[in-house]
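Chemist: Pasting run_10.pdb below, which is PDB, C-alpha atoms and all ligand atoms.
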MODEL        1
ATOM      1  CA  MET A   1       1.429   9.100 -25.480
ATOM      2  CA  THR A   2       4.705   8.671 -23.643
ATOM      3  CA  ASN A   3       6.714   5.543 -23.077
ATOM      4  CA  VAL A   4       7.229   4.834 -19.376
ATOM      5  CA  SER A   5       9.707   2.307 -18.069
ATOM      6  CA  MET A   6       9.920   1.345 -14.424
ATOM      7  CA  THR A   7      10.494  -1.662 -12.220
ATOM      8  CA  VAL A   8       7.362  -3.122 -10.672
ATOM      9  CA  ASN A   9       7.651  -5.893  -8.114
ATOM     10  CA  GLY A  10      11.204  -6.560  -9.293
ATOM     11  CA  LYS A  11      10.346  -6.815 -13.000
ATOM     12  CA  ALA A  12      11.203  -4.273 -15.694
ATOM     13  CA  VAL A  13       8.045  -2.978 -17.410
ATOM     14  CA  SER A  14       7.581  -0.546 -20.279
ATOM     15  CA  HIS A  15       4.329   0.821 -21.768
ATOM     16  CA  ASP A  16       3.125   3.682 -23.948
ATOM     17  CA  VAL A  17       0.518   5.594 -21.941
ATOM     18  CA  PRO A  18      -1.311   8.938 -22.174
ATOM     19  CA  ASP A  19       0.498  11.618 -20.161
ATOM     20  CA  THR A  20      -2.520  11.903 -17.850
ATOM     21  CA  THR A  21      -2.293   8.238 -16.727
ATOM     22  CA  LEU A  22      -2.195   7.910 -12.946
ATOM     23  CA  LEU A  23       0.132   5.374 -11.371
ATOM     24  CA  SER A  24      -2.961   3.551 -10.053
ATOM     25  CA  GLU A  25      -4.300   3.286 -13.634
ATOM     26  CA  PHE A  26      -0.913   2.182 -14.953
ATOM     27  CA  LEU A  27      -0.742  -0.614 -12.369
ATOM     28  CA  ARG A  28      -4.343  -1.774 -12.691
ATOM     29  CA  GLU A  29      -4.966  -1.309 -16.416
ATOM     30  CA  ALA A  30      -1.595  -1.586 -18.182
ATOM     31  CA  LEU A  31      -0.128  -4.218 -15.842
ATOM     32  CA  ARG A  32      -3.359  -5.853 -14.582
ATOM     33  CA  LEU A  33      -2.110  -5.598 -10.978
ATOM     34  CA  THR A  34      -5.579  -5.125  -9.518
ATOM     35  CA  GLY A  35      -4.501  -5.649  -5.907
ATOM     36  CA  THR A  36      -4.017  -1.867  -5.797
ATOM     37  CA  HIS A  37      -7.537  -0.573  -5.183
ATOM     38  CA  VAL A  38      -9.070   2.777  -6.089
ATOM     39  CA  GLY A  39     -11.613   3.979  -3.553
ATOM     40  CA  CYS A  40     -11.793   7.727  -4.067
ATOM     41  CA  ASP A  41      -9.313   8.895  -6.722
ATOM     42  CA  THR A  42      -8.979  12.090  -4.678
ATOM     43  CA  SER A  43      -6.139  11.214  -2.281
ATOM     44  CA  GLN A  44      -8.347  10.570   0.730
ATOM     45  CA  CYS A  45      -8.978   6.850   1.282
ATOM     46  CA  GLY A  46      -5.529   5.239   1.008
ATOM     47  CA  ALA A  47      -6.785   2.089  -0.756
ATOM     48  CA  CYS A  48      -4.303   2.784  -3.560
ATOM     49  CA  VAL A  49      -1.103   2.983  -1.481
ATOM     50  CA  VAL A  50       1.971   1.385  -3.042
ATOM     51  CA  HIS A  51       5.684   1.853  -2.377
ATOM     52  CA  VAL A  52       7.708   4.037  -4.755
ATOM     53  CA  ASP A  53      11.454   3.749  -4.197
ATOM     54  CA  GLY A  54      10.695   2.306  -0.769
ATOM     55  CA  LYS A  55       8.228   4.940   0.428
ATOM     56  CA  ALA A  56       4.431   4.741   0.720
ATOM     57  CA  VAL A  57       2.678   6.781  -1.961
ATOM     58  CA  LYS A  58      -1.006   7.125  -2.838
ATOM     59  CA  SER A  59      -0.833   5.885  -6.419
ATOM     60  CA  CYS A  60      -3.873   7.975  -7.423
ATOM     61  CA  THR A  61      -1.787  11.101  -6.747
ATOM     62  CA  ALA A  62       1.166  10.304  -9.038
ATOM     63  CA  LEU A  63       1.379  10.452 -12.813
ATOM     64  CA  ALA A  64       2.973   7.357 -14.343
ATOM     65  CA  VAL A  65       5.129   9.518 -16.655
ATOM     66  CA  SER A  66       6.672  11.219 -13.603
ATOM     67  CA  LEU A  67       8.001   7.869 -12.382
ATOM     68  CA  GLU A  68      10.333   6.968 -15.239
ATOM     69  CA  GLY A  69      13.005   4.661 -13.781
ATOM     70  CA  ALA A  70      11.276   4.281 -10.405
ATOM     71  CA  SER A  71      10.999   1.071  -8.435
ATOM     72  CA  VAL A  72       7.408   0.336  -7.446
ATOM     73  CA  THR A  73       6.142  -2.371  -5.114
ATOM     74  CA  THR A  74       2.474  -3.286  -4.948
ATOM     75  CA  VAL A  75       0.679  -5.585  -2.538
ATOM     76  CA  GLU A  76       1.259  -8.395  -5.053
ATOM     77  CA  GLY A  77       5.007  -7.929  -4.581
ATOM     78  CA  VAL A  78       5.435  -8.045  -0.798
ATOM     79  CA  ALA A  79       5.102 -11.806  -0.298
ATOM     80  CA  ASN A  80       8.327 -13.707  -0.793
ATOM     81  CA  GLY A  81       7.247 -17.325  -1.067
ATOM     82  CA  ASP A  82       5.421 -17.065   2.258
ATOM     83  CA  LEU A  83       3.061 -14.229   3.094
ATOM     84  CA  HIS A  84       4.713 -11.046   4.364
ATOM     85  CA  PRO A  85       4.521 -10.797   8.198
ATOM     86  CA  MET A  86       2.108  -7.866   7.779
ATOM     87  CA  GLN A  87      -0.218 -10.012   5.637
ATOM     88  CA  THR A  88      -0.030 -12.873   8.145
ATOM     89  CA  ALA A  89      -0.812 -10.497  11.013
ATOM     90  CA  PHE A  90      -3.881  -9.085   9.224
ATOM     91  CA  ASN A  91      -5.078 -12.643   8.700
ATOM     92  CA  GLU A  92      -4.434 -13.763  12.283
ATOM     93  CA  HIS A  93      -5.927 -10.644  13.912
ATOM     94  CA  HIS A  94      -8.937 -10.434  11.574
ATOM     95  CA  GLY A  95      -7.772  -7.015  10.370
ATOM     96  CA  LEU A  96     -10.201  -6.992   7.473
ATOM     97  CA  GLN A  97     -13.811  -7.564   6.598
ATOM     98  CA  CYS A  98     -14.695  -6.668   2.996
ATOM     99  CA  GLY A  99     -10.978  -6.275   2.224
ATOM    100  CA  PHE A 100     -11.296  -3.207   0.031
ATOM    101  CA  CYS A 101      -9.003  -1.068   2.165
ATOM    102  CA  THR A 102      -6.635  -3.937   2.953
ATOM    103  CA  PRO A 103      -3.988  -3.569   0.211
ATOM    104  CA  GLY A 104      -3.497   0.073   1.201
ATOM    105  CA  MET A 105      -3.477  -0.800   4.906
ATOM    106  CA  ILE A 106      -0.830  -3.487   4.320
ATOM    107  CA  MET A 107       1.410  -1.178   2.283
ATOM    108  CA  THR A 108       0.971   1.702   4.745
ATOM    109  CA  GLY A 109       1.608  -0.679   7.667
ATOM    110  CA  ILE A 110       4.858  -1.989   6.170
ATOM    111  CA  ASP A 111       6.015   1.553   5.445
ATOM    112  CA  MET A 112       5.330   2.809   8.970
ATOM    113  CA  VAL A 113       7.101  -0.162  10.578
ATOM    114  CA  ASN A 114      10.143   0.327   8.306
ATOM    115  CA  ARG A 115      10.309   4.061   9.039
ATOM    116  CA  TYR A 116       9.961   3.670  12.805
ATOM    117  CA  LYS A 117      12.545   0.873  12.915
ATOM    118  CA  ALA A 118      15.011   2.899  10.797
ATOM    119  CA  ALA A 119      14.568   5.843  13.179
ATOM    120  CA  GLY A 120      14.863   3.648  16.301
ATOM    121  CA  LYS A 121      11.415   4.790  17.446
ATOM    122  CA  THR A 122       8.692   2.722  19.104
ATOM    123  CA  LEU A 123       5.590   2.151  17.017
ATOM    124  CA  ASP A 124       2.962   1.993  19.765
ATOM    125  CA  GLU A 125      -0.812   1.956  19.420
ATOM    126  CA  ALA A 126      -1.116   5.745  19.476
ATOM    127  CA  ALA A 127       1.538   6.104  16.771
ATOM    128  CA  ILE A 128      -0.155   3.471  14.588
ATOM    129  CA  ARG A 129      -3.515   5.250  14.883
ATOM    130  CA  ASP A 130      -1.845   8.543  14.016
ATOM    131  CA  GLU A 131      -0.036   7.008  11.016
ATOM    132  CA  LEU A 132      -3.294   5.519   9.720
ATOM    133  CA  GLU A 133      -4.816   8.983   9.310
ATOM    134  CA  GLY A 134      -4.646   8.661   5.503
ATOM    135  CA  ASN A 135      -6.236   5.205   5.304
ATOM    136  CA  ILE A 136      -9.991   4.830   5.643
ATOM    137  CA  CYS A 137     -11.774   1.586   6.530
ATOM    138  CA  ARG A 138     -15.572   1.482   6.481
ATOM    139  CA  CYS A 139     -15.899  -1.978   8.033
ATOM    140  CA  THR A 140     -13.592  -2.896  10.873
ATOM    141  CA  GLY A 141     -13.601  -0.033  13.349
ATOM    142  CA  TYR A 142      -9.769  -0.129  13.075
ATOM    143  CA  HIS A 143      -9.122  -2.068  16.345
ATOM    144  CA  ASN A 144      -7.948  -5.248  14.653
ATOM    145  CA  ILE A 145      -6.008  -3.359  12.005
ATOM    146  CA  VAL A 146      -4.063  -1.622  14.779
ATOM    147  CA  LYS A 147      -3.480  -4.956  16.563
ATOM    148  CA  ALA A 148      -2.266  -6.523  13.317
ATOM    149  CA  ILE A 149       0.235  -3.743  12.625
ATOM    150  CA  GLU A 150       1.474  -3.866  16.242
ATOM    151  CA  ASP A 151       2.001  -7.637  15.936
ATOM    152  CA  ALA A 152       3.702  -7.379  12.533
ATOM    153  CA  ALA A 153       6.009  -4.664  13.871
ATOM    154  CA  ALA A 154       7.300  -7.130  16.456
ATOM    155  CA  LYS A 155       7.976  -9.723  13.741
ATOM    156  CA  MET A 156       9.428  -7.643  10.920
TER
HETATM  157  S1  LIG B   1      -7.929   5.975  -4.386
HETATM  158 FE1  LIG B   1      -6.068   6.941  -3.871
HETATM  159  S2  LIG B   1      -6.433   7.773  -1.901
HETATM  160 FE2  LIG B   1      -8.347   6.877  -2.486
HETATM  161  S1  LIG B   2     -12.301  -4.018   5.502
HETATM  162 FE1  LIG B   2     -13.893  -3.108   4.329
HETATM  163  S2  LIG B   2     -13.191  -1.088   4.024
HETATM  164 FE2  LIG B   2     -11.755  -1.925   5.385
ENDMDL
END
Produce structure tokens that represent the structure in this file.
Modeler:
Amino acid sequence: MTNVSMTVNGKAVSHDVPDTTLLSEFLREALRLTGTHVGCDTSQCGACVVHVDGKAVKSCTALAVSLEGASVTTVEGVANGDLHPMQTAFNEHHGLQCGFCTPGMIMTGIDMVNRYKAAGKTLDEAAIRDELEGNICRCTGYHNIVKAIEDAAAKM
């Protein structure tokens, strides 16, 4: 067991966990933040994406003990009173059906908008589809997810 301390959604947290604990397990089981979903556990589906120090990371690929002192944001932490513009856009554009992939899509969407804005680049439909390569949705056919991210990009 190792003690891990990090900041999650703005709050300091500290837990003793086995060294093999994945960040996704730490969030879901130690902290009960079950908005982060686990679809594959093999770094393919993107349902587990969170932000670590401001960057999108598949939380099933990171060991909790490697993130001592990190700042982690999960889908539970992006709303600030009102829904985040990305969450609103997914709602308005019907960017989800079963919702299993949605937390990862939201966190990936926010990350891509932030990166493109910081670089002064245009996030057009082709770029969004390219950026979504690591996020799998079995329900929607992606069209409304792409529309939602395009709309949120204009509002963020
Ligand atoms: S659960 Fe992490 S990529 Fe699928
Ligand atoms: S909405 Fe069901 S997997 Fe994407």
Chemist: Within 9 Å of (9.0, 0.1, -19.6) (file coordinates; only C-alpha atoms), which protein or nucleic acid residues are there? I'd like them as a VMD selection string.
Modeler: chain A and resid 3 to 7 12 to 16 68 to 69
Chemist: Starting from the PyMOL selection byres (((not hetatm)) within 6 of (chain B and resi 1)), expand the selection into actual residues of this file and give them as a list of chain:residue names.
Modeler: A:Val38, A:Gly39, A:Cys40, A:Asp41, A:Thr42, A:Ser43, A:Gln44, A:Cys45, A:Gly46, A:Ala47, A:Cys48, A:Lys58, A:Ser59, A:Cys60
Chemist: Select the residues contacting ligand LIG 2 (chain B) at a distance of at most 12 Å, based on only C-alpha atoms and all ligand atoms, then format the selection as a PDB file with C-alpha atoms, in the frame of the given file.
Modeler:
ATOM      1  CA  HIS A  37      -7.537  -0.573  -5.183  1.00  0.00           C
ATOM      2  CA  VAL A  38      -9.070   2.777  -6.089  1.00  0.00           C
ATOM      3  CA  GLY A  39     -11.613   3.979  -3.553  1.00  0.00           C
ATOM      4  CA  CYS A  45      -8.978   6.850   1.282  1.00  0.00           C
ATOM      5  CA  GLY A  46      -5.529   5.239   1.008  1.00  0.00           C
ATOM      6  CA  ALA A  47      -6.785   2.089  -0.756  1.00  0.00           C
ATOM      7  CA  PHE A  90      -3.881  -9.085   9.224  1.00  0.00           C
ATOM      8  CA  ASN A  91      -5.078 -12.643   8.700  1.00  0.00           C
ATOM      9  CA  HIS A  94      -8.937 -10.434  11.574  1.00  0.00           C
ATOM     10  CA  GLY A  95      -7.772  -7.015  10.370  1.00  0.00           C
ATOM     11  CA  LEU A  96     -10.201  -6.992   7.473  1.00  0.00           C
ATOM     12  CA  GLN A  97     -13.811  -7.564   6.598  1.00  0.00           C
ATOM     13  CA  CYS A  98     -14.695  -6.668   2.996  1.00  0.00           C
ATOM     14  CA  GLY A  99     -10.978  -6.275   2.224  1.00  0.00           C
ATOM     15  CA  PHE A 100     -11.296  -3.207   0.031  1.00  0.00           C
ATOM     16  CA  CYS A 101      -9.003  -1.068   2.165  1.00  0.00           C
ATOM     17  CA  THR A 102      -6.635  -3.937   2.953  1.00  0.00           C
ATOM     18  CA  PRO A 103      -3.988  -3.569   0.211  1.00  0.00           C
ATOM     19  CA  GLY A 104      -3.497   0.073   1.201  1.00  0.00           C
ATOM     20  CA  MET A 105      -3.477  -0.800   4.906  1.00  0.00           C
ATOM     21  CA  ILE A 106      -0.830  -3.487   4.320  1.00  0.00           C
ATOM     22  CA  ASN A 135      -6.236   5.205   5.304  1.00  0.00           C
ATOM     23  CA  ILE A 136      -9.991   4.830   5.643  1.00  0.00           C
ATOM     24  CA  CYS A 137     -11.774   1.586   6.530  1.00  0.00           C
ATOM     25  CA  ARG A 138     -15.572   1.482   6.481  1.00  0.00           C
ATOM     26  CA  CYS A 139     -15.899  -1.978   8.033  1.00  0.00           C
ATOM     27  CA  THR A 140     -13.592  -2.896  10.873  1.00  0.00           C
ATOM     28  CA  GLY A 141     -13.601  -0.033  13.349  1.00  0.00           C
ATOM     29  CA  TYR A 142      -9.769  -0.129  13.075  1.00  0.00           C
ATOM     30  CA  HIS A 143      -9.122  -2.068  16.345  1.00  0.00           C
ATOM     31  CA  ASN A 144      -7.948  -5.248  14.653  1.00  0.00           C
ATOM     32  CA  ILE A 145      -6.008  -3.359  12.005  1.00  0.00           C
TER      33      ILE A 145
END
Chemist: Could you tell me how far CA of Leu83 (chain A) lies from CA of Glu25 (chain A), in Å and to one decimal?
Modeler: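 Computing the Euclidean distance for CA of Leu83 (chain A) and CA of Glu25 (chain A) yields 25.3 Å.
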Chemist: Using Å and a single decimal, report how far CA of Thr2 (chain A) sits from CA of Lys55 (chain A).
Modeler: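 Interatomic distance, CA of Lys55 (chain A) to CA of Thr2 (chain A): 24.6 Å.
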Chemist: Could you tell me how far CA of Glu150 (chain A) sits from CA of Arg28 (chain A), in Å to one decimal place?
Modeler: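 Interatomic distance, CA of Arg28 (chain A) to CA of Glu150 (chain A): 29.6 Å.
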Chemist: Write out as a PyMOL selection string the residues lying within 9 Å of Met107 (chain A), counting all atoms listed in the file and excluding same-chain residues fewer than 3 positions away.
Modeler: chain A and resi 49-51+56+73-75+78+86+102-104+110-112
Chemist: Using only C-alpha atoms, which residue out of A:Gly134, A:Pro18, A:Val113, A:Ala30 lies closest to Val57 (chain A)?
Modeler: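 The answer is A:Gly134, which sits nearest to Val57 (chain A).
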Chemist: Please determine, counting all atoms listed in the file, which residue among A:Asn80, A:Thr36, A:Thr88, A:Ser24 has the shortest atom-to-atom distance to Ala62 (chain A).
Modeler: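 When distances to Ala62 (chain A) are compared using all atoms listed in the file, the smallest one comes from A:Ser24.
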Chemist: If I only have part of region 121-135 of chain A, can you fill in N, CA and C atoms and write it as a PDB file, keeping the file's coordinate frame?
Modeler:
ATOM      1  N   LYS A 121      12.559   4.319  16.644  1.00  0.00           N
ATOM      2  CA  LYS A 121      11.415   4.790  17.446  1.00  0.00           C
ATOM      3  C   LYS A 121      10.441   3.644  17.693  1.00  0.00           C
ATOM      4  N   THR A 122       9.682   3.751  18.774  1.00  0.00           N
ATOM      5  CA  THR A 122       8.692   2.722  19.104  1.00  0.00           C
ATOM      6  C   THR A 122       7.380   3.025  18.391  1.00  0.00           C
ATOM      7  N   LEU A 123       6.879   1.998  17.709  1.00  0.00           N
ATOM      8  CA  LEU A 123       5.590   2.151  17.017  1.00  0.00           C
ATOM      9  C   LEU A 123       4.499   1.607  17.939  1.00  0.00           C
ATOM     10  N   ASP A 124       3.992   2.457  18.833  1.00  0.00           N
ATOM     11  CA  ASP A 124       2.962   1.993  19.765  1.00  0.00           C
ATOM     12  C   ASP A 124       1.565   2.243  19.178  1.00  0.00           C
ATOM     13  N   GLU A 125       0.550   1.862  19.944  1.00  0.00           N
ATOM     14  CA  GLU A 125      -0.812   1.956  19.420  1.00  0.00           C
ATOM     15  C   GLU A 125      -1.174   3.379  18.998  1.00  0.00           C
ATOM     16  N   ALA A 126      -0.775   4.353  19.809  1.00  0.00           N
ATOM     17  CA  ALA A 126      -1.116   5.745  19.476  1.00  0.00           C
ATOM     18  C   ALA A 126      -0.446   6.165  18.175  1.00  0.00           C
ATOM     19  N   ALA A 127       0.805   5.736  17.993  1.00  0.00           N
ATOM     20  CA  ALA A 127       1.538   6.104  16.771  1.00  0.00           C
ATOM     21  C   ALA A 127       0.894   5.437  15.559  1.00  0.00           C
ATOM     22  N   ILE A 128       0.489   4.169  15.708  1.00  0.00           N
ATOM     23  CA  ILE A 128      -0.155   3.471  14.588  1.00  0.00           C
ATOM     24  C   ILE A 128      -1.441   4.199  14.193  1.00  0.00           C
ATOM     25  N   ARG A 129      -2.259   4.554  15.190  1.00  0.00           N
ATOM     26  CA  ARG A 129      -3.515   5.250  14.883  1.00  0.00           C
ATOM     27  C   ARG A 129      -3.241   6.586  14.188  1.00  0.00           C
ATOM     28  N   ASP A 130      -2.209   7.277  14.636  1.00  0.00           N
ATOM     29  CA  ASP A 130      -1.845   8.543  14.016  1.00  0.00           C
ATOM     30  C   ASP A 130      -1.396   8.322  12.569  1.00  0.00           C
ATOM     31  N   GLU A 131      -0.577   7.307  12.354  1.00  0.00           N
ATOM     32  CA  GLU A 131      -0.036   7.008  11.016  1.00  0.00           C
ATOM     33  C   GLU A 131      -1.130   6.554  10.044  1.00  0.00           C
ATOM     34  N   LEU A 132      -2.214   6.016  10.582  1.00  0.00           N
ATOM     35  CA  LEU A 132      -3.294   5.519   9.720  1.00  0.00           C
ATOM     36  C   LEU A 132      -4.280   6.613   9.300  1.00  0.00           C
ATOM     37  N   GLU A 133      -3.912   7.869   9.606  1.00  0.00           N
ATOM     38  CA  GLU A 133      -4.816   8.983   9.310  1.00  0.00           C
ATOM     39  C   GLU A 133      -5.243   8.994   7.837  1.00  0.00           C
ATOM     40  N   GLY A 134      -4.350   8.587   6.938  1.00  0.00           N
ATOM     41  CA  GLY A 134      -4.646   8.661   5.503  1.00  0.00           C
ATOM     42  C   GLY A 134      -5.261   7.400   4.932  1.00  0.00           C
ATOM     43  N   ASN A 135      -5.644   6.463   5.787  1.00  0.00           N
ATOM     44  CA  ASN A 135      -6.236   5.205   5.304  1.00  0.00           C
ATOM     45  C   ASN A 135      -7.604   5.017   5.951  1.00  0.00           C
TER      46      ASN A 135
END
